[in-house]
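What's in target25.cif: mmCIF, C-alpha atoms
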```
data_target
loop_
_atom_site.label_atom_id
_atom_site.label_comp_id
_atom_site.auth_asym_id
_atom_site.auth_seq_id
_atom_site.Cartn_x
_atom_site.Cartn_y
_atom_site.Cartn_z
CA MET A 21 3.48 -8.29 -17.61
CA ARG A 22 6.13 -7.94 -14.94
CA MET A 23 4.96 -4.41 -14.21
CA ILE A 24 1.37 -5.61 -13.77
CA THR A 25 2.55 -8.38 -11.46
CA MET A 26 4.55 -5.89 -9.41
CA VAL A 27 1.60 -3.47 -9.20
CA LEU A 28 -0.70 -6.31 -8.09
CA PHE A 29 1.89 -7.40 -5.57
CA LEU A 30 2.15 -3.89 -4.13
CA MET A 31 -1.63 -3.59 -4.04
CA LEU A 32 -1.83 -6.86 -2.11
CA LEU A 33 0.74 -5.57 0.32
CA SER A 34 -1.18 -2.36 0.88
CA LEU A 35 -4.48 -4.15 1.61
CA PRO A 36 -3.96 -4.93 5.29
CA ALA A 37 -3.08 -1.29 5.96
CA ALA A 38 -6.54 -0.08 4.96
CA ALA A 39 -9.11 0.29 7.77
CA ASP A 40 -12.44 -1.37 6.95
CA ASN A 41 -14.83 0.40 9.26
CA PHE A 42 -15.89 3.95 9.95
CA VAL A 43 -14.69 4.20 13.54
CA SER A 44 -11.20 2.82 12.81
CA LEU A 45 -10.83 5.10 9.82
CA PHE A 46 -12.14 8.05 11.82
CA MET A 47 -9.63 7.36 14.59
CA GLU A 48 -6.84 6.99 12.04
CA GLN A 49 -7.60 10.07 9.99
CA CYS A 50 -9.40 12.53 12.25
CA ALA A 51 -8.30 11.95 15.85
CA GLU A 52 -5.95 14.62 17.16
CA VAL A 53 -3.81 14.51 20.28
CA GLU A 54 -4.95 17.97 21.37
CA ARG A 55 -8.60 16.91 21.09
CA PRO A 56 -9.00 13.69 23.12
CA LEU A 57 -11.61 11.11 22.15
CA ASN A 58 -13.02 8.08 23.94
CA ASN A 59 -12.98 4.95 21.82
CA VAL A 60 -14.65 1.68 22.81
CA ASN A 61 -14.61 -1.42 20.63
CA ILE A 62 -16.63 -4.49 21.48
CA GLY A 63 -16.11 -7.53 19.28
CA ARG A 64 -18.02 -10.73 18.67
CA THR A 65 -16.32 -12.68 21.45
CA MET A 66 -17.29 -10.10 24.04
CA LEU A 67 -20.81 -9.76 22.64
CA GLU A 68 -21.27 -13.53 22.98
CA LYS A 69 -20.04 -13.38 26.57
CA MET A 70 -22.40 -10.51 27.27
CA ALA A 71 -25.28 -12.39 25.66
CA SER A 72 -24.65 -15.41 27.85
CA ASN A 73 -24.40 -13.24 30.95
CA THR A 74 -27.57 -11.18 30.62
CA ASP A 75 -31.07 -12.11 31.84
CA ASP A 76 -32.92 -9.98 29.31
CA GLU A 77 -33.93 -12.19 26.38
CA GLU A 78 -34.31 -9.34 23.90
CA LEU A 79 -30.91 -7.96 24.80
CA LYS A 80 -29.46 -11.47 24.64
CA ASN A 81 -30.80 -11.99 21.12
CA THR A 82 -29.68 -8.54 20.06
CA PHE A 83 -26.12 -9.16 21.27
CA LYS A 84 -26.01 -12.61 19.68
CA GLN A 85 -26.82 -11.27 16.25
CA LEU A 86 -24.28 -8.47 16.30
CA ASN A 87 -20.67 -8.72 15.13
CA SER A 88 -19.29 -5.58 16.68
CA ILE A 89 -20.11 -2.32 18.39
CA ARG A 90 -17.68 0.55 18.15
CA ILE A 91 -18.16 3.80 19.96
CA VAL A 92 -16.34 7.11 19.72
CA SER A 93 -17.33 9.92 22.04
CA SER A 94 -16.16 13.36 23.06
CA ASP A 95 -17.21 15.31 26.16
CA SER A 96 -15.81 18.67 25.09
CA GLU A 97 -18.38 20.90 23.36
CA GLU A 98 -15.80 22.54 21.11
CA ASP A 99 -14.12 19.25 20.18
CA SER A 100 -17.50 17.60 19.60
CA ARG A 101 -18.50 20.23 17.04
CA TYR A 102 -15.11 19.91 15.37
CA TYR A 103 -15.30 16.11 15.20
CA TYR A 104 -18.97 16.15 14.14
CA LYS A 105 -17.95 18.13 11.06
CA LYS A 106 -14.99 15.81 10.43
CA ALA A 107 -17.17 12.70 10.78
CA ASN A 108 -19.68 13.99 8.24
CA GLU A 109 -16.87 14.87 5.84
CA LEU A 110 -15.38 11.39 6.19
CA MET A 111 -18.83 9.90 5.68
CA LYS A 112 -19.32 11.79 2.41
CA ASN A 113 -15.79 11.15 1.14
CA SER A 114 -15.14 7.53 2.08
CA PHE A 115 -18.54 5.96 2.84
CA ALA A 116 -20.61 7.26 -0.04
CA ASP A 117 -22.18 3.82 -0.54
CA TYR A 118 -24.05 4.16 2.79
CA GLU A 119 -27.66 5.31 2.68
CA GLU A 120 -28.86 8.07 4.96
CA ALA A 121 -31.66 6.31 6.87
CA VAL A 122 -32.60 9.02 9.34
CA SER A 123 -31.52 12.61 9.84
CA MET A 124 -32.94 14.92 12.47
CA THR A 125 -32.16 18.29 14.01
CA ASP A 126 -34.15 19.01 17.13
CA MET A 127 -33.61 21.19 20.20
CA GLY A 128 -29.93 21.77 19.39
CA SER A 129 -29.17 18.09 18.82
CA LYS A 130 -28.29 16.58 15.47
CA ILE A 131 -28.67 12.91 14.68
CA THR A 132 -27.87 11.11 11.46
CA ILE A 133 -28.05 7.37 10.89
CA TRP A 134 -26.40 5.80 7.88
CA ILE A 135 -26.94 2.19 6.85
CA LYS A 136 -25.33 -0.18 4.39
CA GLN A 137 -26.85 -3.59 3.58
CA LEU A 138 -24.14 -6.25 3.64
CA GLY A 139 -26.16 -9.30 2.61
CA ASP A 140 -27.42 -12.27 4.67
CA GLY A 141 -29.57 -9.79 6.59
CA LYS A 142 -26.46 -8.12 7.95
CA GLN A 143 -26.06 -4.36 8.06
CA ASP A 144 -23.48 -1.81 8.98
CA LEU A 145 -25.00 1.12 10.84
CA ILE A 146 -23.29 4.38 11.62
CA LEU A 147 -24.88 6.85 14.01
CA ILE A 148 -23.42 10.33 14.27
CA SER A 149 -24.98 12.31 17.04
CA LEU A 150 -24.19 15.77 18.38
CA GLU A 151 -26.29 16.21 21.48
CA SER A 152 -27.73 19.40 22.92
CA ASP A 153 -25.29 19.25 25.87
CA GLY A 154 -22.38 19.34 23.39
CA LYS A 155 -21.44 15.66 23.55
CA LEU A 156 -20.55 13.75 20.41
CA PHE A 157 -21.36 10.10 19.87
CA ILE A 158 -20.31 8.07 16.86
CA ILE A 159 -21.65 4.54 17.05
CA ASN A 160 -20.88 1.85 14.51
CA VAL A 161 -22.95 -1.34 14.83
CA ASN A 162 -22.27 -4.29 12.54
CA GLY A 163 -24.31 -7.49 12.19
CA LYS A 164 -27.97 -8.44 12.04
CA ILE A 165 -29.64 -5.37 13.47
CA ASP A 166 -33.23 -5.76 14.65
CA PHE A 167 -34.47 -2.17 14.61
CA ASP A 168 -37.82 -3.00 16.22
CA THR A 169 -36.14 -4.64 19.17
CA ILE A 170 -33.50 -1.94 19.50
CA SER A 171 -36.05 0.88 19.42
CA LYS A 172 -38.01 -0.87 22.19
CA LEU A 173 -34.88 -1.28 24.32
CA SER A 174 -34.72 2.38 25.31
CA GLY A 175 -35.86 3.03 28.86
CA SER A 176 -35.84 -0.60 29.91
CA ILE A 177 -32.37 -1.29 28.63
CA ARG A 178 -30.48 -0.34 31.79
CA GLU A 179 -32.78 -2.44 33.93
CA GLY A 180 -32.58 -5.28 31.41
CA ALA A 181 -28.82 -5.18 31.25
CA ARG A 182 -28.45 -6.94 34.57
CA LEU A 183 -25.63 -9.39 34.59
CA GLN A 184 -25.68 -12.73 36.30
CA MET B 25 95.26 -0.35 -31.50
CA THR B 26 95.29 -4.11 -31.32
CA ARG B 27 92.22 -6.25 -31.77
CA ILE B 28 91.91 -6.91 -28.04
CA GLU B 29 92.38 -3.27 -27.20
CA ARG B 30 89.67 -2.41 -29.73
CA ILE B 31 87.29 -4.96 -28.19
CA ASN B 32 87.96 -3.63 -24.69
CA PHE B 33 87.53 -0.06 -25.88
CA LEU B 34 84.18 -0.84 -27.49
CA LEU B 35 83.06 -2.89 -24.49
CA ASP B 36 83.82 0.03 -22.15
CA LYS B 37 81.74 2.28 -24.40
CA TYR B 38 78.99 -0.40 -24.61
CA TRP B 39 78.68 -0.79 -20.84
CA ASN B 40 78.59 3.01 -20.57
CA CYS B 41 75.81 3.01 -23.18
CA GLU B 42 77.85 5.22 -25.44
CA THR B 43 78.20 2.95 -28.45
CA SER B 44 76.68 3.74 -31.79
CA VAL B 45 74.86 1.16 -33.94
CA PRO B 46 77.92 0.56 -36.24
CA GLU B 47 80.13 0.19 -33.16
CA GLU B 48 77.76 -2.37 -31.67
CA ARG B 49 77.73 -4.30 -34.94
CA GLU B 50 81.51 -4.17 -34.95
CA LEU B 51 81.59 -5.44 -31.40
CA GLN B 52 79.26 -8.29 -32.30
CA THR B 53 81.49 -9.20 -35.25
CA LEU B 54 84.66 -9.04 -33.19
CA LEU B 55 83.22 -11.15 -30.40
CA SER B 56 81.71 -13.71 -32.73
CA SER B 57 85.06 -14.49 -34.34
CA LYS B 58 86.94 -17.58 -33.31
CA ASP B 59 90.03 -15.91 -31.96
CA VAL B 60 88.35 -14.20 -29.07
CA PRO B 61 90.47 -14.21 -25.94
CA GLU B 62 89.46 -16.64 -23.24
CA GLU B 63 88.50 -13.93 -20.72
CA LEU B 64 86.00 -12.40 -23.21
CA ARG B 65 84.51 -15.62 -24.54
CA HIS B 66 81.54 -15.55 -22.17
CA LEU B 67 80.48 -12.28 -23.82
CA SER B 68 80.46 -13.78 -27.29
CA ALA B 69 77.35 -15.84 -26.37
CA LEU B 70 75.51 -12.71 -25.24
CA PHE B 71 76.36 -10.71 -28.33
CA SER B 72 75.59 -13.59 -30.68
CA TYR B 73 72.13 -13.89 -28.99
CA VAL B 74 71.51 -10.17 -29.44
CA LYS B 75 72.64 -10.44 -33.03
CA ASP B 76 70.36 -13.40 -33.66
CA GLU B 77 67.37 -11.67 -32.10
CA GLN B 78 67.95 -8.50 -34.06
CA SER B 79 67.94 -10.50 -37.24
CA VAL B 80 64.49 -11.97 -36.48
CA SER B 81 61.72 -10.28 -38.45
CA PRO B 82 58.04 -11.12 -38.85
CA SER B 83 57.09 -13.20 -41.81
CA GLY B 84 55.17 -11.74 -44.71
CA ASP B 85 51.80 -13.09 -43.61
CA PHE B 86 52.34 -12.13 -39.94
CA ASP B 87 49.92 -9.19 -40.09
CA ARG B 88 47.31 -11.23 -41.87
CA GLY B 89 47.70 -14.09 -39.39
CA LEU B 90 47.47 -11.73 -36.44
CA LYS B 91 44.33 -10.13 -37.84
CA LYS B 92 42.82 -13.53 -38.44
CA LYS B 93 43.61 -14.63 -34.91
CA LEU B 94 42.06 -11.45 -33.50
CA GLU B 95 38.88 -11.92 -35.53
CA GLN B 96 38.71 -15.54 -34.50
CA GLY B 97 39.08 -14.48 -30.87
CA GLN B 98 36.25 -12.00 -31.26
CA ASP B 99 34.05 -14.62 -32.89
CA ASP B 100 34.85 -17.06 -30.14
CA GLY B 101 33.89 -14.41 -27.59
CA LYS B 102 30.59 -13.78 -29.35
CA GLN B 103 29.88 -17.44 -29.60
CA ASN B 104 30.62 -17.92 -25.92
CA ALA B 105 28.42 -14.99 -24.92
CA TYR B 106 25.55 -16.35 -27.02
CA VAL B 107 25.93 -19.75 -25.48
CA THR B 108 25.96 -18.25 -21.99
CA ILE B 109 22.73 -16.34 -22.64
CA ARG B 110 21.09 -19.36 -24.23
CA ILE B 111 21.91 -21.47 -21.23
CA PHE B 112 21.10 -18.91 -18.55
CA ARG B 113 18.12 -17.10 -20.07
CA PRO B 114 15.54 -19.79 -19.30
CA LEU B 115 17.12 -20.28 -15.90
CA LEU B 116 16.86 -16.55 -15.24
CA ARG B 117 13.20 -16.61 -16.25
CA VAL B 118 12.55 -19.51 -13.93
CA ALA B 119 14.44 -17.79 -11.13
CA VAL B 120 12.52 -14.50 -11.58
CA SER B 121 9.19 -16.33 -11.74
CA ALA B 122 10.08 -18.38 -8.67
CA LEU B 123 11.05 -15.21 -6.83
CA LEU B 124 7.77 -13.52 -7.78
CA VAL B 125 5.71 -16.54 -6.75
CA LEU B 126 7.67 -16.77 -3.52
CA GLY B 127 7.17 -13.05 -2.88
CA VAL B 128 3.43 -13.24 -3.53
CA GLY B 129 3.21 -16.38 -1.42
CA ILE B 130 4.99 -14.78 1.51
CA SER B 131 2.88 -11.62 1.27
CA LEU B 132 -0.34 -13.68 1.05
CA TYR B 133 0.78 -15.67 4.07
CA PHE B 134 1.30 -12.49 6.08
CA ILE B 135 -1.98 -11.04 4.83
CA ALA B 136 -3.81 -14.23 5.81
CA LYS B 137 -2.05 -14.16 9.15
CA GLN B 138 -3.13 -10.56 9.66
CA ASP B 139 -6.69 -11.38 8.60
CA ASN B 140 -6.81 -14.10 11.22
CA ARG B 141 -6.19 -11.51 13.86
CA PRO B 142 -9.19 -9.74 15.34
CA ARG B 143 -10.23 -6.80 13.20
CA PHE B 144 -9.73 -4.55 16.17
CA VAL B 145 -8.51 -4.82 19.70
CA GLU B 146 -11.19 -5.48 22.24
CA THR B 147 -11.32 -2.49 24.53
CA TYR B 148 -12.55 -4.47 27.50
CA ARG B 149 -11.84 -7.92 28.85
CA ASP B 150 -14.48 -7.74 31.53
CA PRO B 151 -18.01 -8.34 30.12
CA ASN B 152 -19.56 -6.26 32.92
CA VAL B 153 -17.69 -3.13 31.88
CA ALA B 154 -18.21 -3.82 28.18
CA MET B 155 -21.92 -4.31 28.87
CA GLN B 156 -22.22 -0.75 30.16
CA GLN B 157 -20.73 0.65 26.96
CA ALA B 158 -22.71 -1.68 24.71
CA THR B 159 -25.98 -0.84 26.43
CA LEU B 160 -25.12 2.84 26.26
CA ALA B 161 -24.55 2.51 22.51
CA LEU B 162 -27.77 0.57 21.98
CA GLU B 163 -29.65 3.02 24.17
CA LYS B 164 -28.35 5.94 22.11
CA LEU B 165 -29.35 4.14 18.95
CA SER B 166 -32.74 3.22 20.36
CA HIS B 167 -33.28 6.78 21.55
CA ALA B 168 -32.33 8.15 18.13
CA LEU B 169 -34.72 5.74 16.40
CA GLN B 170 -37.54 6.65 18.77
CA GLN B 171 -36.83 10.38 18.42
CA THR B 172 -36.91 10.24 14.65
CA GLU B 173 -40.02 8.07 14.69
CA THR B 174 -41.77 10.50 17.02
CA ALA B 175 -40.67 13.45 14.92
CA SER B 176 -41.96 11.79 11.77
CA VAL B 177 -45.36 11.02 13.36
CA GLN B 178 -45.60 14.56 14.75
CA THR B 179 -44.82 16.01 11.34
CA ILE B 180 -47.55 13.89 9.75
CA TYR B 181 -50.07 15.01 12.41
CA LEU B 182 -49.06 18.63 11.91
CA ILE B 183 -49.53 18.38 8.17
CA ASP B 184 -52.87 16.65 8.71
CA GLU B 185 -54.05 19.41 11.08
CA LEU B 186 -53.21 22.12 8.57
CA ASP B 187 -56.39 21.24 6.60
CA ILE B 188 -54.67 21.59 3.26
CA ASP B 189 -56.69 21.47 0.05
CA TRP B 190 -54.71 18.72 -1.68
CA SER B 191 -56.74 18.96 -4.90
CA ALA B 192 -55.68 22.62 -5.24
CA ILE B 193 -52.06 21.63 -4.72
CA ASP B 194 -52.43 18.89 -7.31
CA SER B 195 -53.79 21.40 -9.82
CA LEU B 196 -50.78 23.65 -9.15
CA SER B 197 -48.47 20.86 -10.16
CA ASN B 198 -50.25 20.66 -13.57
CA PRO B 199 -50.77 24.33 -14.64
CA VAL B 200 -50.91 23.77 -18.44
CA LEU B 201 -54.27 22.01 -18.56
CA PRO B 202 -56.58 24.93 -17.53
CA GLU B 203 -54.89 27.21 -20.07
CA THR B 204 -55.45 24.61 -22.79
CA ASP B 205 -59.12 24.34 -21.76
CA SER B 206 -59.62 28.11 -21.99
CA LEU B 207 -58.02 28.15 -25.43
CA THR B 208 -60.37 25.37 -26.54
CA GLN B 209 -63.36 27.34 -25.17
CA ARG B 210 -62.24 30.45 -27.04
CA LYS B 211 -62.00 28.47 -30.29
CA GLU B 212 -65.42 26.97 -29.72
CA GLY B 213 -66.82 30.48 -29.11
CA GLY B 214 -65.52 31.57 -32.52
CA VAL B 215 -62.92 34.07 -31.22
#
```
The structure in this file should be written as structure tokens.
Amino acid sequence: MRMITMVLFLMLLSLPAAADNFVSLFMEQCAEVERPLNNVNIGRTMLEKMASNTDDEELKNTFKQLNSIRIVSSDSEEDSRYYYKKANELMKNSFADYEEAVSMTDMGSKITIWIKQLGDGKQDLILISLESDGKLFIINVNGKIDFDTISKLSGSIREGARLQ
Amino acid sequence: MTRIERINFLLDKYWNCETSVPEERELQTLLSSKDVPEELRHLSALFSYVKDEQSVSPSGDFDRGLKKKLEQGQDDGKQNAYVTIRIFRPLLRVAVSALLVLGVGISLYFIAKQDNRPRFVETYRDPNVAMQQATLALEKLSHALQQTETASVQTIYLIDELDIDWSAIDSLSNPVLPETDSLTQRKEGGV
């Protein structure tokens, strides 16, 4: 009984140490000093500020419904290929409960989108993209994701993202 | 040799630790007599004490009594130890349980405290700068969705343009039936 209590106690202690999202885990496990990465994390507070500051209604609604956006990118072609492989390995090993929604290889670019339904209409989306110019993008979006709206955003998004 | 000379002789030997047991007994006897000279009288008390102590011997039941006392002491020790455990055992349990509860409580407090923190550090404090990154991310996602959608539609068109005989493909997926039919025909033909 005491042993079980101690094991539970140690498990409780180890909980906060575990990263709960793909980007954080990727940065913890895969990032190397010799291969620099750009990491951007935007939380709910900032998304709400951004939503209140933009004129575009679709973008405003999109931001309001999201919990977080995390981005990891690499400009180096060699590093991007290295990290692309690492990201897919991490995906298979630690995020096996995510469904592969879209996967495409076209003109030297590779795109994979993984999705996990979280309940209450919320999803966790992971996009791993190795572009034809050798750039890597890993994007993790969490919250209520409106795919129709997001797919329409392309092209007009930069114009729409005017801030007050 | 006179009596006094004898006493002095034996005393010299005694103080030099050269006396034998009979000589010491003799000295005790000589000094315990009444006609001891005045200058040696103080020694008679010492030698009579030694004589008395030498004559003391344990009683017949000394060994038995000692053994009994030792056993009693051991029993008392056992009894005391038992009492100590009986008193402290529940207290120890309470103390251990309290420590565990306290430990779990403290750890839960720190976990809750950590959970209250933001899950990650905001990279930007300025919404304008964050907006650029957020729009870039959404644009990438939007572009990826559009690309895959376009690719899927193109693939469907391509397949449609190939003018495939789907009924022939369907028949390929079920190759046993025609063979069965031919067998039936052969049987009907009397082969």
If you take all atoms listed in the file and a cut-off of 7 Å, which residues of chain B touch chain A, and what are their nearest atom pairs and distances in Å to one decimal, in chain and number order, as CSV?
```
residue,atom,partner,partner_atom,distance
B:Val128,CA,A:Phe29,CA,6.4
B:Ser131,CA,A:Leu33,CA,6.5
B:Ile135,CA,A:Pro36,CA,6.4
B:Glu146,CA,A:Asn61,CA,5.5
B:Thr147,CA,A:Asn61,CA,5.2
B:Pro151,CA,A:Met70,CA,5.7
B:Ala154,CA,A:Ile62,CA,6.9
B:Met155,CA,A:Met70,CA,6.4
B:Ala158,CA,A:Ile89,CA,6.9
B:Thr159,CA,A:Ile177,CA,6.8
B:Ala161,CA,A:Ile159,CA,6.5
B:Leu162,CA,A:Ile170,CA,6.7
B:Glu163,CA,A:Ser174,CA,5.2
B:Ser166,CA,A:Ser171,CA,4.2
B:His167,CA,A:Ser174,CA,6.0
B:Ala168,CA,A:Ile131,CA,6.9
B:Leu169,CA,A:Ser171,CA,5.9
B:Gln170,CA,A:Ser171,CA,6.0
B:Thr172,CA,A:Met124,CA,6.5
```
Could you write those residues out with C-alpha atoms, as a PDB file, in the frame of the given file?
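The resulting part.pdb:
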```pdb
ATOM      1  CA  VAL B 128       3.430 -13.240  -3.530  1.00  0.00           C
ATOM      2  CA  SER B 131       2.880 -11.620   1.270  1.00  0.00           C
ATOM      3  CA  ILE B 135      -1.980 -11.040   4.830  1.00  0.00           C
ATOM      4  CA  GLU B 146     -11.190  -5.480  22.240  1.00  0.00           C
ATOM      5  CA  THR B 147     -11.320  -2.490  24.530  1.00  0.00           C
ATOM      6  CA  PRO B 151     -18.010  -8.340  30.120  1.00  0.00           C
ATOM      7  CA  ALA B 154     -18.210  -3.820  28.180  1.00  0.00           C
ATOM      8  CA  MET B 155     -21.920  -4.310  28.870  1.00  0.00           C
ATOM      9  CA  ALA B 158     -22.710  -1.680  24.710  1.00  0.00           C
ATOM     10  CA  THR B 159     -25.980  -0.840  26.430  1.00  0.00           C
ATOM     11  CA  ALA B 161     -24.550   2.510  22.510  1.00  0.00           C
ATOM     12  CA  LEU B 162     -27.770   0.570  21.980  1.00  0.00           C
ATOM     13  CA  GLU B 163     -29.650   3.020  24.170  1.00  0.00           C
ATOM     14  CA  SER B 166     -32.740   3.220  20.360  1.00  0.00           C
ATOM     15  CA  HIS B 167     -33.280   6.780  21.550  1.00  0.00           C
ATOM     16  CA  ALA B 168     -32.330   8.150  18.130  1.00  0.00           C
ATOM     17  CA  LEU B 169     -34.720   5.740  16.400  1.00  0.00           C
ATOM     18  CA  GLN B 170     -37.540   6.650  18.770  1.00  0.00           C
ATOM     19  CA  THR B 172     -36.910  10.240  14.650  1.00  0.00           C
TER      20      THR B 172
END
```
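You will find CA of Leu196 in chain B at 28.0 Å from CA of Ala175 in chain B.
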I'd like the box whose edges run along x, y and z of the file and which contains every listed atom of range 141-155 of chain A, padded by 3 Å per side; could you state its centre and edge lengths in Å, one decimal, as AutoDock Vina command-line options?
```
--center_x -25.5 --center_y 4.8 --center_z 16.2 --size_x 14.1 --size_y 35.2 --size_z 25.3
```
- prompt: So how many Å separate CA of Lys164 in chain B and CA of Gly154 in chain A, to one decimal?
  reply: 14.7 Å
message: Residues near Met111 in chain A, anyone? I mean within 10 Å using all atoms listed in the file, not counting same-chain ones fewer than 6 positions away, as a ChimeraX atom specification.
response: /A:42,46,105,117-118,134,146,148
task: Work out how far CA of Tyr38 in chain B is from CA of Lys75 in chain B, in Å to one decimal.
output: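 Between CA of Lys75 in chain B and CA of Tyr38 in chain B the gap is 14.6 Å.
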field: Residue with smallest distance to Cys50 in chain A - pool A:Ala121, A:Ala107, A:Ile165, A:Met127, counting only C-alpha atoms
entry: A:Ala107
If we count all atoms listed in the file, what is near Ser94 in chain A at a cut-off of 8 Å, once residues fewer than 2 positions away on the same chain are taken out, given as a PDB file with C-alpha atoms, in the coordinates of the input?
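Below is the file that was written, around-v7.pdb:
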```
ATOM      1  CA  PRO A  56      -9.000  13.690  23.120  1.00  0.00           C
ATOM      2  CA  LEU A  57     -11.610  11.110  22.150  1.00  0.00           C
ATOM      3  CA  ASN A  58     -13.020   8.080  23.940  1.00  0.00           C
ATOM      4  CA  VAL A  92     -16.340   7.110  19.720  1.00  0.00           C
ATOM      5  CA  SER A  96     -15.810  18.670  25.090  1.00  0.00           C
ATOM      6  CA  GLU A  97     -18.380  20.900  23.360  1.00  0.00           C
ATOM      7  CA  ASP A  99     -14.120  19.250  20.180  1.00  0.00           C
ATOM      8  CA  SER A 100     -17.500  17.600  19.600  1.00  0.00           C
ATOM      9  CA  LYS A 155     -21.440  15.660  23.550  1.00  0.00           C
ATOM     10  CA  LEU A 156     -20.550  13.750  20.410  1.00  0.00           C
ATOM     11  CA  PHE A 157     -21.360  10.100  19.870  1.00  0.00           C
TER      12      PHE A 157
END
```
message: Need to verify the contact set: Glu48 in chain B, 9 Å, all atoms listed in the file, exclusion of same-chain residues closer than 5 positions in sequence. Can you return it as a PyMOL selection string?
response: chain B and resi 34-35+38+43+53
